[in-house]
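Peer 1: Once you've had a glance at the structure underneath, I'll fire off some questions.
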Amino acid sequence: MSIISAKAALSGAVPAGSEVTVQGWVRTRRDSKAGCSFIALHDGSCFDPIQVVAPATLPNYESDVRRATTGASVIARGVLAPSQGKGQALEIQATEVVLVGEVDDPETYPIQPKPHTLEFLREVAHLRPRTNTFGAVARVRHAAAQAVHRFFHEEGFVWVNTPIITASDAEGAGQMFRVSTLDLANLPRTESGAVDFSRDFFGRETFLTVSGQLNVEAYCLALSRVYTFGPTFRAENSNTSRHLAEFWMIEPEIAFADLAADADLAERFLKYVFRAVLNEREDDLRFFAERNEPTVVSRLEQLVETPFARIDYAEAIEILKRSGRHFEFPAEWGADLQTEHERYLTEEHVKGPVVVMNYPEAIKAFYMRLNDDGRTVAAMDVLAPGIGEIIGGSQREERLDVLDRRMAQFGIEPDHYQWYRDLRRYGSVPHAGFGLGFERLIVYLCGLSNIRDAIPYPRVPGHAEF
RNA sequence: UCCUCCAUAGCUCAAUGGUAGAGCGAUCGGCUGUUAACCGAUAGGUUCCAGGUUCGAGCCCUGGUGGAGGAGCCA
């Protein structure tokens with residue numbers, strides 16, 4: 001008698017008539033005076049639970065089966081058989097039911113068999129994976145993460161684990177979390193009274209990383225095609241449905257490549273990941289389409305099949321000006337595109353995904369390559385209907401003299417970036433890359449409205465419970 | 001950080017300044033190869049906290065705390 005998952009039981013992978021064991025948690029139990037109880041048992045292996053039919057003739061029927069309330073853990077052995085009822089093709093005709101862990105107070109068990117608000121479920125983050133929604137999010141997140149690694153692996157990329165703890169100053173990417181073992185109540189001081197970080201664990205100030213990009217560039221200029229995929233931290237006090245203090249970022253970097261190659265990579269990447277999730281998590285996506293966002297499947301299918309348009313920033317500004325649309329912030333050359341601008345471009349003008357390229361140099365980061373016109377940099381944003389900006393990237397400045405000028409212009413201390421400058425001194429090549437926040441991808445895939453539901457344990461200002 | 005809205009039973013929400021209610025969930029019973037079943041009954045309340053106004057505050061005022069949406073910043 002083999003132990004099988006609900007997925008194996010329901011998918012036909014195990015032939016009907018087999019003696020099997022299933023184990024999981026009770027979603028609902030319905031008692032029938034016909035002489036049995038119906039237990040909807042979920043184990044997370046797929047969206048649907050497996051129905052266990054427990055006959056009243058079981059010796060522990062009154063003592064255990066009738067106490068298997070919502071949330072209890074159960075092992076059931078029996079025959080996988082065609083269901084006599086409608087609603088499922090197969091079910092377990094149980095010959096033995098073991099109540100492994102009961103719910104000691106059913107009244108206060110938070111996950112009741114009824115709809116809950118996502119806000120409430122955030123307060124019980126340790127139990128919310130037992131719900132339809134968060135089980136499905138977890139499976140989609142896994143499928144997407146696997147697809148990310150598979151895509152890069154198949155394209156010959158090397159996964160580089162850039163450091164979590166970094167001594168690099170924020171290059172304008174945001175506030176950083178300090179990492180220190182100093183005694184906060186008794187800080188060592190220098191003669192001038194400043195905190196003496198030379199006595200800290202690393203002998204200097206250190207922080208949690210805000211990006212692995214600069215580190216991964218070094219590996220790019222050796223291994224040619226590399227990427228990072230790991231946790232990233234921002235200490236910004238931003239309380240929105242789109243920001244987390246701890247999130248996962250994906251940052252590929254390619255050598256001997258320009259911005260056009262970067263945009264091509266971004267397009268292939270998104271299509272690969274979306275196609276994989278469409279193929280692998282059809283059950284979960286169907287649920288999200290019913291529950292969250294009706295277009296969640298159709299918009300993914302459309303994005304996979306539509307070639308991404310490419311327009312210049314300057315062209316985008318002209319399109320916005322000619323649109324006749326009133327924007328809260330008028331589109332002007334030199335200003336960054338607002339959310340309302342991005343949505344107009346992708347949802348109404350292009351009516352599909354679009355890559356906007358070559359932004360004014362003053363509004364972009366110091367490491368982005370200065371174009372020959374001297375006023376724009378080789379930066380790109382990928383915009384998609386229903387979400388707006390999903391990827392940001394650039395060709396990097398590979399010329400040391402230009403990089404030094406840009407660092408000076410942005411007021412960046414060159415001493416902290418000697419190793420980064422070295423990459424331009426020893427065998428520099430044109431290279432490019434992009435970054436995207438993994439949770440924003442999950443929000444889009446699942447049709448969620450708050451990024452706090454796209455990560456198991458969200459960290460935001462004021463909250464690090466669980 | 002700024003703006004707006006919100007906070008009442010385990011959950012979702014009602015309640016003109018005058019006796020705090022319903023649905024769902026839970027418990028018990030009934031019924032049924034059931035489908036987040038159905039029918040009946042029962043239990044369940046510091047109305048977020050601290051002040052204030054009033055004969056009387058869930059409701060009005062002040063200050064907190066917490067939540068949501070939007071903005072800015074960004075991924």
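The chains in the structure tokens are called A, B, ... from first to last as shown; in each chain the residues are counted from 1, and the ligands are counted from 1 in the order shown.
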With only C-alpha atoms (C1' of nucleotides) considered, list every residue of chain B at most 12 Å from chain A, as number ranges by chain.
Peer 2: B: 1-2, 9-12, 23-27, 30-38, 43-44, 66-75
Peer 1: If we count only C-alpha atoms (C1' of nucleotides) and set the cut-off at 10 Å, which residues sit around A:Ala362, ignoring sequence neighbours fewer than 3 positions away in its own chain? Please answer as a PyMOL selection string.
Peer 2: chain A and resi 334-336+359+365-366+375-377+406+409-410
Peer 1: Calculated over only C-alpha atoms, which of the candidates A:Asn161, A:Thr70, A:Thr181, A:Asn279 has the smallest distance to A:Tyr219?
Peer 2: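 Once distances to A:Tyr219 are computed over only C-alpha atoms, the minimum belongs to A:Asn161.
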Peer 1: So that I can check the surroundings of stretch 256-264 of chain A, please list as a list in words every protein, DNA and RNA residue that reaches within 6 Å of it, counting only C-alpha atoms (C1' of nucleotides) and ignoring chain neighbours fewer than 3 positions away.
Peer 2: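 In the requested form, the answer reads Glu267, Gln395, Val429, Pro430, His431 and Ala432 of chain A.
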Peer 1: Store the residues picked out above in a file with N, CA and C atoms, as a CSV table (one decimal), in the first residue's frame.
Peer 2:
```csv
chain,number,residue,atom,x,y,z
A,267,GLU,N,12.6,39.9,-23.2
A,267,GLU,CA,11.4,39.4,-23.8
A,267,GLU,C,11.3,37.8,-23.8
A,395,GLN,N,22.3,49.0,-20.6
A,395,GLN,CA,23.7,48.6,-20.9
A,395,GLN,C,24.5,49.4,-19.9
A,429,VAL,N,34.4,45.1,-21.4
A,429,VAL,CA,33.6,44.9,-22.6
A,429,VAL,C,32.2,45.5,-22.4
A,430,PRO,N,31.6,45.8,-23.5
A,430,PRO,CA,30.2,46.2,-23.4
A,430,PRO,C,29.4,45.1,-22.8
A,431,HIS,N,28.6,45.5,-21.8
A,431,HIS,CA,27.7,44.5,-21.2
A,431,HIS,C,26.4,45.1,-20.7
A,432,ALA,N,25.5,44.3,-20.5
A,432,ALA,CA,24.1,44.8,-20.1
A,432,ALA,C,23.4,43.8,-19.2
```
Peer 1: What residues in stretch 108-305 of chain A get the DSSP label helix (DSSP H, G or I)? Please answer as number ranges by chain.
Peer 2: A: 118-122, 128-130, 132-154, 197-199, 213-223, 259-280, 282-291, 296-305
Peer 1: Print the selection's residues with C-alpha atoms to a file, as a PDB file, in the first residue's frame.
Peer 2:
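Written out: selection24.pdb:
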```
ATOM      1  CA  LEU A 118      -6.718  38.687   2.562  1.00  0.00           C
ATOM      2  CA  GLU A 119      -6.210  41.328   5.256  1.00  0.00           C
ATOM      3  CA  PHE A 120      -7.343  38.899   7.947  1.00  0.00           C
ATOM      4  CA  LEU A 121      -5.218  36.086   6.557  1.00  0.00           C
ATOM      5  CA  ARG A 122      -2.115  38.307   6.752  1.00  0.00           C
ATOM      6  CA  ARG A 128      -2.805  30.962   5.641  1.00  0.00           C
ATOM      7  CA  PRO A 129      -0.935  28.431   3.440  1.00  0.00           C
ATOM      8  CA  ARG A 130      -3.808  26.079   4.299  1.00  0.00           C
ATOM      9  CA  ASN A 132      -6.954  27.768  -1.432  1.00  0.00           C
ATOM     10  CA  THR A 133      -5.451  31.140  -2.260  1.00  0.00           C
ATOM     11  CA  PHE A 134      -2.143  30.838  -0.456  1.00  0.00           C
ATOM     12  CA  GLY A 135      -1.617  27.221  -1.401  1.00  0.00           C
ATOM     13  CA  ALA A 136      -2.057  28.268  -5.012  1.00  0.00           C
ATOM     14  CA  VAL A 137       0.259  31.272  -4.630  1.00  0.00           C
ATOM     15  CA  ALA A 138       2.941  29.036  -3.127  1.00  0.00           C
ATOM     16  CA  ARG A 139       2.706  26.562  -6.014  1.00  0.00           C
ATOM     17  CA  VAL A 140       2.754  29.315  -8.648  1.00  0.00           C
ATOM     18  CA  ARG A 141       5.713  30.932  -6.916  1.00  0.00           C
ATOM     19  CA  HIS A 142       7.571  27.634  -6.975  1.00  0.00           C
ATOM     20  CA  ALA A 143       6.728  26.967 -10.631  1.00  0.00           C
ATOM     21  CA  ALA A 144       7.881  30.465 -11.568  1.00  0.00           C
ATOM     22  CA  ALA A 145      11.133  30.171  -9.601  1.00  0.00           C
ATOM     23  CA  GLN A 146      11.911  26.827 -11.211  1.00  0.00           C
ATOM     24  CA  ALA A 147      11.181  28.290 -14.636  1.00  0.00           C
ATOM     25  CA  VAL A 148      13.531  31.202 -13.946  1.00  0.00           C
ATOM     26  CA  HIS A 149      16.416  28.870 -13.167  1.00  0.00           C
ATOM     27  CA  ARG A 150      15.535  26.563 -16.055  1.00  0.00           C
ATOM     28  CA  PHE A 151      15.417  29.435 -18.543  1.00  0.00           C
ATOM     29  CA  PHE A 152      18.841  30.745 -17.602  1.00  0.00           C
ATOM     30  CA  HIS A 153      20.336  27.271 -17.399  1.00  0.00           C
ATOM     31  CA  GLU A 154      19.063  26.378 -20.868  1.00  0.00           C
ATOM     32  CA  PHE A 197      32.981  50.937  13.130  1.00  0.00           C
ATOM     33  CA  SER A 198      36.549  49.642  12.936  1.00  0.00           C
ATOM     34  CA  ARG A 199      35.596  47.655  16.042  1.00  0.00           C
ATOM     35  CA  GLN A 213      24.099  43.882  -9.806  1.00  0.00           C
ATOM     36  CA  LEU A 214      27.523  45.416  -9.202  1.00  0.00           C
ATOM     37  CA  ASN A 215      28.856  42.147  -7.797  1.00  0.00           C
ATOM     38  CA  VAL A 216      27.415  40.058 -10.585  1.00  0.00           C
ATOM     39  CA  GLU A 217      28.957  42.359 -13.208  1.00  0.00           C
ATOM     40  CA  ALA A 218      32.368  41.081 -12.090  1.00  0.00           C
ATOM     41  CA  TYR A 219      31.316  37.493 -12.765  1.00  0.00           C
ATOM     42  CA  CYS A 220      29.759  38.544 -16.057  1.00  0.00           C
ATOM     43  CA  LEU A 221      33.177  39.795 -17.169  1.00  0.00           C
ATOM     44  CA  ALA A 222      34.526  36.273 -16.743  1.00  0.00           C
ATOM     45  CA  LEU A 223      31.665  33.840 -17.263  1.00  0.00           C
ATOM     46  CA  LEU A 259      20.797  47.381 -24.971  1.00  0.00           C
ATOM     47  CA  ALA A 260      19.035  45.717 -27.903  1.00  0.00           C
ATOM     48  CA  ALA A 261      20.367  42.314 -26.832  1.00  0.00           C
ATOM     49  CA  ASP A 262      19.270  43.104 -23.293  1.00  0.00           C
ATOM     50  CA  ALA A 263      15.719  43.838 -24.430  1.00  0.00           C
ATOM     51  CA  ASP A 264      15.669  40.646 -26.489  1.00  0.00           C
ATOM     52  CA  LEU A 265      16.750  38.671 -23.429  1.00  0.00           C
ATOM     53  CA  ALA A 266      14.050  40.289 -21.282  1.00  0.00           C
ATOM     54  CA  GLU A 267      11.386  39.371 -23.835  1.00  0.00           C
ATOM     55  CA  ARG A 268      12.506  35.741 -24.104  1.00  0.00           C
ATOM     56  CA  PHE A 269      12.751  35.510 -20.316  1.00  0.00           C
ATOM     57  CA  LEU A 270       9.248  36.761 -19.556  1.00  0.00           C
ATOM     58  CA  LYS A 271       7.656  34.614 -22.241  1.00  0.00           C
ATOM     59  CA  TYR A 272       9.461  31.510 -21.030  1.00  0.00           C
ATOM     60  CA  VAL A 273       8.413  31.973 -17.394  1.00  0.00           C
ATOM     61  CA  PHE A 274       4.805  32.846 -18.229  1.00  0.00           C
ATOM     62  CA  ARG A 275       4.488  29.904 -20.604  1.00  0.00           C
ATOM     63  CA  ALA A 276       5.872  27.541 -17.974  1.00  0.00           C
ATOM     64  CA  VAL A 277       3.388  28.697 -15.348  1.00  0.00           C
ATOM     65  CA  LEU A 278       0.519  28.491 -17.845  1.00  0.00           C
ATOM     66  CA  ASN A 279       1.522  24.905 -18.613  1.00  0.00           C
ATOM     67  CA  GLU A 280       2.273  23.750 -15.085  1.00  0.00           C
ATOM     68  CA  GLU A 282      -3.389  25.538 -14.943  1.00  0.00           C
ATOM     69  CA  ASP A 283      -5.497  24.521 -11.898  1.00  0.00           C
ATOM     70  CA  ASP A 284      -4.236  27.364  -9.713  1.00  0.00           C
ATOM     71  CA  LEU A 285      -4.490  29.968 -12.476  1.00  0.00           C
ATOM     72  CA  ARG A 286      -8.095  28.955 -13.135  1.00  0.00           C
ATOM     73  CA  PHE A 287      -8.843  29.590  -9.459  1.00  0.00           C
ATOM     74  CA  PHE A 288      -7.193  33.023  -9.605  1.00  0.00           C
ATOM     75  CA  ALA A 289      -9.223  33.848 -12.702  1.00  0.00           C
ATOM     76  CA  GLU A 290     -12.417  33.024 -10.773  1.00  0.00           C
ATOM     77  CA  ARG A 291     -11.410  34.606  -7.513  1.00  0.00           C
ATOM     78  CA  VAL A 296      -5.267  36.475 -15.375  1.00  0.00           C
ATOM     79  CA  VAL A 297      -4.949  33.630 -17.893  1.00  0.00           C
ATOM     80  CA  SER A 298      -5.860  35.501 -21.071  1.00  0.00           C
ATOM     81  CA  ARG A 299      -3.394  38.305 -20.435  1.00  0.00           C
ATOM     82  CA  LEU A 300      -0.584  35.824 -19.830  1.00  0.00           C
ATOM     83  CA  GLU A 301      -1.458  33.980 -23.021  1.00  0.00           C
ATOM     84  CA  GLN A 302      -1.538  37.246 -24.926  1.00  0.00           C
ATOM     85  CA  LEU A 303       1.817  38.354 -23.558  1.00  0.00           C
ATOM     86  CA  VAL A 304       3.416  35.048 -24.486  1.00  0.00           C
ATOM     87  CA  GLU A 305       2.224  35.349 -28.077  1.00  0.00           C
TER      88      GLU A 305
END
```
Peer 1: Among stretch 402-464 of chain A, which ones does DSSP assign to strand (DSSP E or B) (computed from the backbone)? Answer as a VMD selection string.
Peer 2: chain A and resid 431 to 437 460 463
